[in-house]
>>> print(open('structure.txt').read())   # compact mmCIF, C-alpha atoms and all ligand atoms
# COMPACT_ATOMS: atom_id res chain seq x y z
CA MET A 140 77.89 102.04 94.23
CA THR A 141 77.99 101.59 90.49
CA THR A 142 80.86 99.69 88.92
CA ALA A 143 84.22 101.08 89.88
CA PHE A 144 85.59 101.27 86.36
CA GLU A 145 84.28 102.42 83.01
CA VAL A 146 86.01 102.08 79.68
CA THR A 147 85.22 105.21 77.66
CA ALA A 148 87.28 104.58 74.51
CA THR A 149 89.40 101.82 73.00
CA ASP A 150 92.09 101.81 70.36
CA GLY A 151 93.37 98.33 69.58
CA ALA A 152 94.07 96.73 72.96
CA ALA A 153 94.53 100.16 74.60
CA ARG A 154 91.77 101.70 76.68
CA ALA A 155 90.82 105.11 78.05
CA GLY A 156 88.56 105.00 81.07
CA VAL A 157 87.59 106.34 84.47
CA LEU A 158 88.13 104.66 87.83
CA HIS A 159 85.59 105.84 90.41
CA THR A 160 86.88 105.93 93.99
CA ALA A 161 85.58 107.24 97.31
CA HIS A 162 87.81 110.32 96.96
CA GLY A 163 87.19 111.10 93.31
CA ASP A 164 87.58 109.88 89.76
CA VAL A 165 90.84 108.79 88.19
CA PRO A 166 91.07 109.22 84.40
CA THR A 167 92.97 106.28 82.92
CA PRO A 168 95.55 105.44 81.74
CA ALA A 169 96.95 106.83 84.99
CA PHE A 170 100.50 107.22 86.20
CA MET A 171 100.54 107.03 90.01
CA PRO A 172 103.34 108.93 91.80
CA VAL A 173 104.80 106.91 94.67
CA GLY A 174 104.41 108.32 98.17
CA THR A 175 105.93 105.43 100.08
CA LYS A 176 106.03 106.92 103.56
CA GLY A 177 102.98 109.15 103.19
CA THR A 178 104.78 111.72 101.05
CA VAL A 179 105.83 111.93 97.43
CA LYS A 180 109.34 112.89 98.43
CA GLY A 181 109.80 116.66 98.42
CA VAL A 182 106.47 117.50 96.77
CA ASP A 183 103.48 118.89 98.64
CA PRO A 184 99.88 117.97 97.77
CA ASP A 185 99.15 121.30 96.04
CA GLU A 186 102.11 120.69 93.75
CA LEU A 187 100.91 117.15 93.08
CA ARG A 188 97.60 118.57 91.88
CA GLU A 189 99.40 121.14 89.75
CA VAL A 190 101.51 118.56 87.94
CA GLY A 191 98.34 116.63 87.12
CA ALA A 192 98.41 113.73 89.57
CA SER A 193 94.95 112.29 90.18
CA ILE A 194 95.98 109.44 92.50
CA VAL A 195 99.03 108.69 94.66
CA LEU A 196 100.47 105.55 96.24
CA GLY A 197 101.18 104.88 99.89
CA ASN A 198 102.97 101.86 101.28
CA SER A 199 101.56 99.62 104.01
CA TYR A 200 104.93 98.14 104.98
CA HIS A 201 106.57 101.44 105.79
CA LEU A 202 103.49 103.13 107.29
CA HIS A 203 102.82 100.09 109.49
CA PHE A 204 106.23 100.42 111.13
CA LYS A 205 106.51 104.24 111.04
CA PRO A 206 104.40 105.85 112.41
CA GLY A 207 101.92 102.92 112.58
CA GLU A 208 98.43 102.66 111.12
CA ASP A 209 96.75 103.49 114.44
CA VAL A 210 98.54 106.86 114.58
CA VAL A 211 97.50 107.56 110.98
CA ALA A 212 93.92 106.45 111.66
CA GLY A 213 93.73 108.80 114.65
CA LEU A 214 94.74 111.73 112.45
CA GLY A 215 92.10 111.32 109.78
CA GLY A 216 93.48 108.33 107.92
CA LEU A 217 96.14 108.69 105.26
CA HIS A 218 94.18 111.39 103.41
CA GLY A 219 94.00 113.64 106.48
CA PHE A 220 97.46 112.73 107.71
CA MET A 221 99.25 113.67 104.47
CA GLY A 222 96.89 116.46 103.41
CA TRP A 223 95.91 114.87 100.11
CA GLY A 224 92.16 114.74 99.54
CA GLY A 225 92.32 112.78 96.29
CA PRO A 226 92.40 109.05 95.61
CA ILE A 227 95.09 106.93 97.29
CA LEU A 228 96.14 103.37 96.48
CA THR A 229 98.07 101.47 99.13
CA ASP A 230 100.48 98.69 98.38
CA SER A 231 100.09 95.70 100.71
CA GLY A 232 103.73 95.56 101.73
CA GLY A 233 104.28 92.21 100.04
CA PHE A 234 106.67 93.62 97.48
CA GLN A 235 108.86 95.15 100.22
CA VAL A 236 108.88 91.92 102.23
CA PHE A 237 109.92 89.83 99.24
CA SER A 238 112.33 92.29 97.66
CA LEU A 239 114.36 92.32 100.89
CA ARG A 240 115.05 88.62 100.53
CA ASP A 241 117.70 88.32 103.19
CA THR A 242 115.14 89.48 105.78
CA LEU A 243 112.72 86.62 104.96
CA LEU A 244 112.37 84.03 107.73
CA ALA A 245 109.43 81.81 106.75
CA MET A 246 106.25 81.72 104.72
CA ASP A 247 103.23 79.46 104.84
CA ASP A 248 99.53 79.44 104.05
CA GLY A 249 98.92 81.81 106.96
CA GLY A 250 101.40 84.55 106.04
CA VAL A 251 105.06 85.54 105.96
CA THR A 252 107.57 86.11 108.75
CA PHE A 253 110.49 88.46 108.20
CA ARG A 254 112.87 90.79 109.97
CA SER A 255 111.73 94.39 110.02
CA LEU A 256 113.78 96.73 107.85
CA TYR A 257 113.68 99.24 110.69
CA ASP A 258 115.04 97.33 113.68
CA GLY A 259 115.56 93.71 112.62
CA THR A 260 112.90 92.29 114.92
CA PRO A 261 110.85 89.36 113.58
CA GLU A 262 107.48 90.47 112.26
CA ARG A 263 104.62 88.66 110.57
CA PHE A 264 102.34 89.84 107.78
CA THR A 265 99.15 87.95 107.11
CA PRO A 266 96.41 88.67 104.56
CA GLU A 267 94.18 89.70 107.47
CA LEU A 268 96.80 92.14 108.78
CA ALA A 269 97.34 93.59 105.28
CA ALA A 270 93.57 94.21 105.14
CA GLU A 271 93.51 95.72 108.64
CA ILE A 272 96.46 98.07 108.00
CA GLN A 273 94.92 99.32 104.77
CA ALA A 274 91.46 99.67 106.36
CA LYS A 275 92.97 101.88 109.08
CA LEU A 276 94.96 103.90 106.54
CA GLY A 277 91.63 104.37 104.75
CA SER A 278 93.02 104.17 101.24
CA ASP A 279 90.63 104.17 98.29
CA ILE A 280 92.22 101.09 96.77
CA ALA A 281 93.77 98.33 98.87
CA MET A 282 96.04 95.70 97.38
CA CYS A 283 96.25 92.03 98.27
CA LEU A 284 99.27 90.63 100.06
CA ASP A 285 101.12 88.58 97.45
CA VAL A 286 104.36 86.68 97.02
CA CYS A 287 106.57 88.47 94.52
CA PRO A 288 109.74 86.54 93.67
CA PRO A 289 112.51 88.09 91.58
CA SER A 290 113.11 87.01 88.00
CA GLY A 291 115.07 83.80 87.52
CA VAL A 292 113.96 81.79 90.56
CA PRO A 293 113.49 78.02 90.03
CA ARG A 294 110.09 77.11 88.59
CA ALA A 295 109.10 75.27 91.77
CA GLU A 296 109.62 78.47 93.75
CA LEU A 297 107.61 80.47 91.23
CA GLU A 298 104.82 77.88 91.43
CA GLU A 299 104.75 78.00 95.23
CA ALA A 300 104.67 81.82 95.10
CA THR A 301 101.69 81.61 92.76
CA ARG A 302 99.92 79.10 95.01
CA LEU A 303 100.45 81.14 98.18
CA THR A 304 99.32 84.32 96.40
CA ALA A 305 95.99 82.62 95.61
CA VAL A 306 95.56 81.25 99.15
CA TRP A 307 96.27 84.64 100.67
CA ALA A 308 94.05 86.46 98.15
CA ALA A 309 91.04 84.35 99.14
CA ARG A 310 91.62 85.16 102.82
CA GLN A 311 92.09 88.89 102.24
CA ARG A 312 89.01 88.96 100.01
CA ALA A 313 86.98 87.81 103.02
CA ALA A 314 88.53 90.28 105.50
CA PRO A 315 86.85 93.56 106.55
CA ARG A 316 87.80 96.77 104.75
CA ALA A 317 87.13 100.50 105.03
CA ASP A 318 83.81 101.90 103.76
CA GLY A 319 83.94 102.28 99.99
CA GLN A 320 87.45 100.85 99.77
CA LEU A 321 88.17 98.94 96.57
CA LEU A 322 90.31 95.80 96.70
CA PHE A 323 92.53 94.71 93.83
CA GLY A 324 93.86 91.19 93.39
CA ILE A 325 97.36 90.55 92.09
CA ALA A 326 98.30 87.87 89.57
CA GLN A 327 101.81 86.43 89.83
CA GLY A 328 103.54 83.74 87.76
CA GLY A 329 106.42 85.73 86.30
CA SER A 330 106.73 85.21 82.55
CA ASP A 331 105.81 81.51 82.79
CA PRO A 332 102.78 81.06 80.50
CA GLU A 333 101.16 78.26 82.51
CA LEU A 334 101.72 79.78 85.96
CA ARG A 335 100.72 83.29 84.85
CA ARG A 336 97.50 81.97 83.31
CA ARG A 337 96.72 79.92 86.40
CA SER A 338 97.35 82.88 88.68
CA ILE A 339 95.13 85.12 86.56
CA GLU A 340 92.31 82.55 86.62
CA GLU A 341 92.57 82.11 90.39
CA THR A 342 92.65 85.87 90.95
CA VAL A 343 89.78 86.66 88.60
CA ALA A 344 87.63 83.94 90.21
CA LEU A 345 87.70 85.89 93.50
CA ASP A 346 85.80 88.81 91.91
CA PHE A 347 88.01 91.73 92.94
CA ASP A 348 87.31 95.36 92.01
CA GLY A 349 90.38 95.45 89.78
CA HIS A 350 93.42 93.38 88.89
CA ALA A 351 97.16 93.89 88.97
CA LEU A 352 99.96 92.16 87.16
CA GLY A 353 102.66 91.72 89.79
CA GLY A 354 105.93 89.88 89.48
CA LEU A 355 106.99 91.70 86.32
CA SER A 356 109.62 94.42 86.06
CA VAL A 357 111.58 92.35 88.61
CA GLY A 358 114.76 91.72 86.62
CA GLU A 359 113.59 90.01 83.44
CA THR A 360 114.49 91.56 80.07
CA ARG A 361 112.33 94.37 78.77
CA GLU A 362 111.42 92.28 75.73
CA ARG A 363 110.18 89.43 77.90
CA MET A 364 108.29 91.81 80.18
CA PHE A 365 106.44 93.51 77.30
CA ASP A 366 105.76 90.17 75.63
CA THR A 367 104.22 88.84 78.86
CA VAL A 368 102.04 91.95 79.33
CA GLY A 369 100.95 91.61 75.71
CA TRP A 370 99.37 88.19 76.19
CA ALA A 371 98.53 88.44 79.92
CA ALA A 372 96.64 91.77 79.99
CA PRO A 373 93.89 90.54 77.63
CA LEU A 374 93.29 87.56 79.94
CA LEU A 375 92.09 90.01 82.62
CA PRO A 376 88.41 91.03 82.49
CA ALA A 377 87.94 94.04 80.20
CA ALA A 378 85.35 95.59 82.51
CA LYS A 379 87.78 96.07 85.41
CA ALA A 380 90.92 98.19 85.81
CA ARG A 381 94.29 96.63 85.03
CA TYR A 382 97.32 97.77 87.01
CA PHE A 383 100.91 97.04 85.99
CA MET A 384 103.00 97.24 89.15
CA GLY A 385 106.32 99.01 88.75
CA ILE A 386 106.83 100.75 85.43
CA GLY A 387 107.30 104.46 84.83
CA ASP A 388 109.91 105.25 82.21
CA PRO A 389 108.50 107.12 79.20
CA GLU A 390 109.05 104.29 76.73
CA GLY A 391 107.65 101.66 79.10
CA ILE A 392 104.53 103.72 79.76
CA VAL A 393 103.51 103.84 76.10
CA GLU A 394 104.38 100.15 75.65
CA VAL A 395 102.09 98.96 78.49
CA ILE A 396 99.30 101.38 77.59
CA GLU A 397 99.31 99.95 74.07
CA ARG A 398 98.90 96.46 75.58
CA GLY A 399 95.78 97.36 77.56
CA ILE A 400 97.12 98.52 80.93
CA ASP A 401 95.17 101.26 82.77
CA MET A 402 97.33 102.11 85.80
CA PHE A 403 101.03 102.01 86.65
CA ASP A 404 103.46 103.35 89.24
CA CYS A 405 107.19 103.79 89.60
CA VAL A 406 109.73 105.60 91.76
CA LEU A 407 111.72 106.53 88.66
CA PRO A 408 110.67 110.21 88.26
CA THR A 409 111.13 111.04 91.94
CA ARG A 410 114.32 109.02 92.37
CA LEU A 411 115.88 110.52 89.23
CA GLY A 412 114.93 113.97 90.51
CA ARG A 413 116.67 113.40 93.82
CA THR A 414 119.83 112.28 92.05
CA GLY A 415 120.02 115.33 89.79
CA THR A 416 118.51 113.94 86.58
CA ALA A 417 115.75 115.41 84.42
CA LEU A 418 113.56 113.52 81.98
CA SER A 419 113.35 115.34 78.68
CA TRP A 420 112.68 114.80 75.00
CA GLU A 421 116.45 114.93 74.56
CA GLY A 422 116.81 111.90 76.82
CA ARG A 423 117.87 112.01 80.45
CA LEU A 424 119.80 115.12 81.45
CA ASN A 425 122.35 114.77 84.25
CA LEU A 426 122.33 118.28 85.65
CA LYS A 427 125.70 117.72 87.29
CA ASN A 428 127.23 117.80 83.82
CA ALA A 429 129.41 120.85 83.14
CA ARG A 430 127.71 121.42 79.79
CA PHE A 431 124.72 122.91 81.63
CA ARG A 432 126.78 125.52 83.56
CA ASP A 433 125.56 128.46 81.50
CA ASP A 434 122.60 126.84 79.67
CA PRO A 435 119.72 129.35 79.76
CA ARG A 436 117.10 126.88 78.49
CA PRO A 437 114.47 125.27 80.73
CA LEU A 438 114.88 121.56 81.67
CA ASP A 439 112.62 120.69 78.73
CA GLU A 440 111.69 123.24 76.11
CA GLY A 441 108.09 122.12 75.75
CA CYS A 442 107.34 121.59 79.46
CA ASP A 443 104.77 123.71 81.29
CA CYS A 444 105.81 122.79 84.87
CA ALA A 445 106.61 125.32 87.60
CA ALA A 446 110.34 124.59 87.25
CA CYS A 447 110.46 125.03 83.47
CA ARG A 448 108.32 128.16 83.53
CA ARG A 449 110.79 130.05 85.70
CA PHE A 450 114.23 128.46 85.92
CA SER A 451 117.16 127.67 83.63
CA ARG A 452 119.15 124.46 83.43
CA ALA A 453 122.10 126.54 84.65
CA TYR A 454 120.22 127.52 87.81
CA VAL A 455 118.97 123.99 88.53
CA ARG A 456 122.51 122.70 87.97
CA HIS A 457 123.85 125.28 90.44
CA LEU A 458 121.29 124.15 93.05
CA VAL A 459 122.15 120.48 92.55
CA LYS A 460 125.89 121.08 92.69
CA GLN A 461 125.54 123.12 95.88
CA HIS A 462 123.22 120.52 97.47
CA GLU A 463 120.47 123.10 97.80
CA MET A 464 117.19 121.31 98.54
CA LEU A 465 115.29 123.31 95.92
CA GLY A 466 117.27 121.52 93.19
CA PRO A 467 115.90 118.00 93.72
CA ARG A 468 112.46 119.45 94.41
CA LEU A 469 112.35 121.26 91.06
CA LEU A 470 113.64 118.19 89.24
CA THR A 471 111.04 115.96 90.93
CA VAL A 472 108.20 118.33 90.04
CA HIS A 473 109.44 118.47 86.46
CA ASN A 474 109.89 114.69 86.09
CA LEU A 475 106.40 114.02 87.48
CA ARG A 476 104.90 116.58 85.11
CA PHE A 477 106.77 115.04 82.17
CA LEU A 478 105.31 111.56 82.81
CA LEU A 479 101.83 112.73 83.81
CA ARG A 480 101.59 114.83 80.66
CA LEU A 481 102.84 111.96 78.51
CA THR A 482 100.17 109.71 80.06
CA ALA A 483 97.44 112.33 79.54
CA ASP A 484 98.54 112.76 75.93
CA ALA A 485 98.39 108.98 75.42
CA ARG A 486 94.83 109.01 76.80
CA ALA A 487 93.86 111.74 74.32
CA ALA A 488 95.49 109.75 71.50
CA ILE A 489 93.40 106.68 72.44
CA GLU A 490 90.27 108.83 72.35
CA ARG A 491 91.20 110.01 68.86
CA GLY A 492 92.03 106.46 67.74
CA GLU A 493 95.62 107.54 67.06
CA LEU A 494 97.64 105.68 69.69
CA ALA A 495 99.80 103.83 67.15
CA SER A 496 101.07 107.04 65.55
CA PHE A 497 101.38 108.73 68.95
CA LYS A 498 103.51 105.84 70.22
CA ALA A 499 105.70 105.83 67.11
CA ASP A 500 106.27 109.56 67.54
CA VAL A 501 107.11 109.20 71.25
CA LEU A 502 109.57 106.37 70.63
CA ALA A 503 111.25 108.28 67.79
CA ARG A 504 111.61 111.37 69.97
CA LEU A 505 112.99 109.26 72.82
CA ALA A 506 115.46 107.47 70.55
CA GLN A 507 118.35 108.97 72.53
CA GLU A 508 116.97 107.48 75.73
CA PRO A 509 119.10 104.59 77.06
CA ALA A 510 117.06 101.40 77.44
CA GLU A 511 117.40 100.83 81.16
CA PRO A 512 115.43 98.36 83.18
CA ALA A 513 112.29 99.66 84.84
CA TRP A 514 112.64 100.41 88.50
CA ARG A 515 110.38 99.57 91.36
CA PHE A 516 111.27 99.89 95.01
ZN ZN B 601 109.29 120.97 83.45
>>> encode(input="structure.txt", output="structure tokens")
Amino acid sequence: MTTAFEVTATDGAARAGVLHTAHGDVPTPAFMPVGTKGTVKGVDPDELREVGASIVLGNSYHLHFKPGEDVVAGLGGLHGFMGWGGPILTDSGGFQVFSLRDTLLAMDDGGVTFRSLYDGTPERFTPELAAEIQAKLGSDIAMCLDVCPPSGVPRAELEEATRLTAVWAARQRAAPRADGQLLFGIAQGGSDPELRRRSIEETVALDFDGHALGGLSVGETRERMFDTVGWAAPLLPAAKARYFMGIGDPEGIVEVIERGIDMFDCVLPTRLGRTGTALSWEGRLNLKNARFRDDPRPLDEGCDCAACRRFSRAYVRHLVKQHEMLGPRLLTVHNLRFLLRLTADARAAIERGELASFKADVLARLAQEPAEPAWRF
């Protein structure tokens, strides 16, 4: 196999490229819709294609417990099981283990012990198990098991998280994987310059197929997060893909793309959709608001999604208010299309060498948008 990633255009620190996987190419920058339990909630694979998704996420933690990787493997791997023939990236489960901090029991050089979210029984994840789960799921890109502490932990805890992440990465790097499966390492270290640099050096030394910045978008300020990405992304090798874990609001997307990030994911568009909110160039629209009761306009006037082509805000509001399942589905399809189109437009702007003006235009148009923290769950 040739190299997994090619940079095809640059504009300042920003890059356009192509990530080659066993199930197809991913044009980058790429927004990756989150399909935690083997489904992007409420959206079928044909609709994912239609909104422009080229890769989706699955989650090892949840799929390990329900229905179990052996069941998935027996039904054609995650691609066959969920009916999506395109590229899939699987999270290792580390983020779920460490974000549910009151379920943590112990961690050491061998792995982490925690209580299962599903039934409270003690379970143990090791780098070898993270590799085995992802090999059986058959994802195109597997992620390393890492230690992801929230923002604001004592420096000693952040340092130990960084150390364990490196120890585990070396073990997972040596573990078997599925044919053609890429493996990405994850650098931790929060916003601490020394620890982040050390983690990047230790990760890069293991020669992974791509690199992720983990441990950001975990409660620090937006300013600190963007500042950290700004100096940390260029420390990652230019010839390999760079993945920022857990950002997906329109403003955040253009900010990380400008700083040299190629891939990102977030539950924001799907979660907002399920709670009755549409992304738009007028800011976020809460469809429960009475002002939409007789609004004949589409969710966003410039949007070409299946919801905006056919339905009014008034109709979507009616569906949401009446708890009709079509309402959240239409909003989810629309929100995904909004972000995937924004990302594709950013890629085209990089190719034209016009990202700076594109970004300025996006931020001006989004000026009504409240600056909320990025979400990742
Ligand atoms: Zn739309």
>>> residues_around(input="structure.txt", residues="Val455 (chain A)", least_positions_apart="2", cutoff="8 Å", atoms="all atoms listed in the file", output="count of residues only")
11
>>> residues_near_ligand(input="structure.txt", ligand="ligand ZN 601 (chain B)", cutoff="9 Å", atoms="all atoms listed in the file", output="list of chain:residue names")
A:Ala417, A:Leu418, A:Ser419, A:Pro437, A:Leu438, A:Asp439, A:Glu440, A:Gly441, A:Cys442, A:Asp443, A:Cys444, A:Ala445, A:Ala446, A:Cys447, A:Arg448, A:Leu469, A:Leu470, A:Val472, A:His473, A:Asn474, A:Leu475, A:Arg476, A:Phe477
>>> residues_around(input="structure.txt", residues="Gly232 (chain A)", least_positions_apart="6", cutoff="7 Å", atoms="all atoms listed in the file", output="number ranges by chain")
A: 198-200, 284
>>> atom_distance(input="structure.txt", atom1="CA of Ile325 (chain A)", atom2="CA of Gly353 (chain A)")
5.9 Å
>>> atom_distance(input="structure.txt", atom1="CA of Thr409 (chain A)", atom2="CA of Gly156 (chain A)")
25.8 Å
>>> atom_distance(input="structure.txt", atom1="CA of Ser290 (chain A)", atom2="CA of Gly329 (chain A)")
7.0 Å
>>> residues_around(input="structure.txt", residues="Asp150 (chain A)", least_positions_apart="3", cutoff="12 Å", atoms="all atoms listed in the file", output="list in words")
Val146, Thr147, Ala153, Arg154, Ala155, Gly156, Ile396, Glu397, Arg398, Gly399, Ala485, Arg486, Ala487, Ala488, Ile489, Glu490, Arg491, Gly492, Glu493, Leu494, Ala495, Ser496 and Phe497 of chain A
>>> closest_residue(input="structure.txt", among="A:Asp279, A:Gly354, A:Phe264, A:Asp388", to="Leu297 (chain A)", atoms="all atoms listed in the file")
A:Gly354
>>> residues_around(input="structure.txt", residues="Thr242 (chain A)", least_positions_apart="3", cutoff="9 Å", atoms="only C-alpha atoms", output="PDB file with C-alpha atoms, keeping the file's coordinate frame")
ATOM      1  CA  VAL A 236     108.880  91.920 102.230  1.00  0.00           C
ATOM      2  CA  PHE A 237     109.920  89.830  99.240  1.00  0.00           C
ATOM      3  CA  LEU A 239     114.360  92.320 100.890  1.00  0.00           C
ATOM      4  CA  THR A 252     107.570  86.110 108.750  1.00  0.00           C
ATOM      5  CA  PHE A 253     110.490  88.460 108.200  1.00  0.00           C
ATOM      6  CA  ARG A 254     112.870  90.790 109.970  1.00  0.00           C
ATOM      7  CA  SER A 255     111.730  94.390 110.020  1.00  0.00           C
ATOM      8  CA  LEU A 256     113.780  96.730 107.850  1.00  0.00           C
ATOM      9  CA  GLY A 259     115.560  93.710 112.620  1.00  0.00           C
ATOM     10  CA  PRO A 261     110.850  89.360 113.580  1.00  0.00           C
TER      11      PRO A 261
END
>>> residues_around(input="structure.txt", residues="Asp183 (chain A)", least_positions_apart="6", cutoff="10 Å", atoms="only C-alpha atoms", output="VMD selection string")
chain A and resid 221 to 223 468 472
>>> write_last_selection(input="structure.txt", atoms="C-alpha atoms", output="PDB file, keeping the file's coordinate frame")
ATOM      1  CA  MET A 221      99.250 113.670 104.470  1.00  0.00           C
ATOM      2  CA  GLY A 222      96.890 116.460 103.410  1.00  0.00           C
ATOM      3  CA  TRP A 223      95.910 114.870 100.110  1.00  0.00           C
ATOM      4  CA  ARG A 468     112.460 119.450  94.410  1.00  0.00           C
ATOM      5  CA  VAL A 472     108.200 118.330  90.040  1.00  0.00           C
TER       6      VAL A 472
END
>>> closest_residue(input="structure.txt", among="A:Leu465, A:Ala499, A:Ala506, A:Val286", to="Gly181 (chain A)", atoms="all atoms listed in the file")
A:Leu465
>>> build_atoms(input="structure.txt", residues="region 398-412 of chain A", atoms="N, CA, C and O atoms", output="PDB file, in the coordinates of the input")
ATOM      1  N   ARG A 398      99.281  97.844  75.323  1.00  0.00           N
ATOM      2  CA  ARG A 398      98.900  96.460  75.580  1.00  0.00           C
ATOM      3  C   ARG A 398      97.685  96.326  76.500  1.00  0.00           C
ATOM      4  O   ARG A 398      97.364  95.226  76.950  1.00  0.00           O
ATOM      5  N   GLY A 399      97.030  97.450  76.823  1.00  0.00           N
ATOM      6  CA  GLY A 399      95.780  97.360  77.560  1.00  0.00           C
ATOM      7  C   GLY A 399      95.869  97.584  79.056  1.00  0.00           C
ATOM      8  O   GLY A 399      94.960  97.222  79.797  1.00  0.00           O
ATOM      9  N   ILE A 400      96.969  98.211  79.512  1.00  0.00           N
ATOM     10  CA  ILE A 400      97.120  98.520  80.930  1.00  0.00           C
ATOM     11  C   ILE A 400      96.524  99.894  81.231  1.00  0.00           C
ATOM     12  O   ILE A 400      96.681 100.826  80.440  1.00  0.00           O
ATOM     13  N   ASP A 401      95.860 100.016  82.409  1.00  0.00           N
ATOM     14  CA  ASP A 401      95.170 101.260  82.770  1.00  0.00           C
ATOM     15  C   ASP A 401      95.888 102.079  83.838  1.00  0.00           C
ATOM     16  O   ASP A 401      95.664 103.287  83.953  1.00  0.00           O
ATOM     17  N   MET A 402      96.699 101.419  84.665  1.00  0.00           N
ATOM     18  CA  MET A 402      97.330 102.110  85.800  1.00  0.00           C
ATOM     19  C   MET A 402      98.748 101.567  85.969  1.00  0.00           C
ATOM     20  O   MET A 402      98.984 100.388  85.718  1.00  0.00           O
ATOM     21  N   PHE A 403      99.649 102.444  86.413  1.00  0.00           N
ATOM     22  CA  PHE A 403     101.030 102.010  86.650  1.00  0.00           C
ATOM     23  C   PHE A 403     101.684 102.989  87.603  1.00  0.00           C
ATOM     24  O   PHE A 403     101.227 104.115  87.786  1.00  0.00           O
ATOM     25  N   ASP A 404     102.761 102.532  88.250  1.00  0.00           N
ATOM     26  CA  ASP A 404     103.460 103.350  89.240  1.00  0.00           C
ATOM     27  C   ASP A 404     104.946 103.065  89.131  1.00  0.00           C
ATOM     28  O   ASP A 404     105.347 101.995  88.678  1.00  0.00           O
ATOM     29  N   CYS A 405     105.753 104.008  89.569  1.00  0.00           N
ATOM     30  CA  CYS A 405     107.190 103.790  89.600  1.00  0.00           C
ATOM     31  C   CYS A 405     107.860 104.916  90.376  1.00  0.00           C
ATOM     32  O   CYS A 405     107.399 106.056  90.340  1.00  0.00           O
ATOM     33  N   VAL A 406     108.953 104.576  91.049  1.00  0.00           N
ATOM     34  CA  VAL A 406     109.730 105.600  91.760  1.00  0.00           C
ATOM     35  C   VAL A 406     110.662 106.359  90.829  1.00  0.00           C
ATOM     36  O   VAL A 406     111.323 107.298  91.249  1.00  0.00           O
ATOM     37  N   LEU A 407     110.718 105.969  89.561  1.00  0.00           N
ATOM     38  CA  LEU A 407     111.720 106.530  88.660  1.00  0.00           C
ATOM     39  C   LEU A 407     111.739 108.063  88.605  1.00  0.00           C
ATOM     40  O   LEU A 407     112.801 108.659  88.763  1.00  0.00           O
ATOM     41  N   PRO A 408     110.590 108.750  88.401  1.00  0.00           N
ATOM     42  CA  PRO A 408     110.670 110.210  88.260  1.00  0.00           C
ATOM     43  C   PRO A 408     111.160 110.905  89.531  1.00  0.00           C
ATOM     44  O   PRO A 408     111.924 111.878  89.448  1.00  0.00           O
ATOM     45  N   THR A 409     110.726 110.393  90.687  1.00  0.00           N
ATOM     46  CA  THR A 409     111.130 111.040  91.940  1.00  0.00           C
ATOM     47  C   THR A 409     112.570 110.675  92.294  1.00  0.00           C
ATOM     48  O   THR A 409     113.347 111.518  92.729  1.00  0.00           O
ATOM     49  N   ARG A 410     112.938 109.421  92.062  1.00  0.00           N
ATOM     50  CA  ARG A 410     114.320 109.020  92.370  1.00  0.00           C
ATOM     51  C   ARG A 410     115.320 109.716  91.443  1.00  0.00           C
ATOM     52  O   ARG A 410     116.359 110.199  91.889  1.00  0.00           O
ATOM     53  N   LEU A 411     114.992 109.790  90.152  1.00  0.00           N
ATOM     54  CA  LEU A 411     115.880 110.520  89.230  1.00  0.00           C
ATOM     55  C   LEU A 411     116.015 111.973  89.659  1.00  0.00           C
ATOM     56  O   LEU A 411     117.104 112.544  89.620  1.00  0.00           O
ATOM     57  N   GLY A 412     114.892 112.566  90.085  1.00  0.00           N
ATOM     58  CA  GLY A 412     114.930 113.970  90.510  1.00  0.00           C
ATOM     59  C   GLY A 412     115.873 114.175  91.683  1.00  0.00           C
ATOM     60  O   GLY A 412     116.644 115.140  91.714  1.00  0.00           O
TER      61      GLY A 412
END
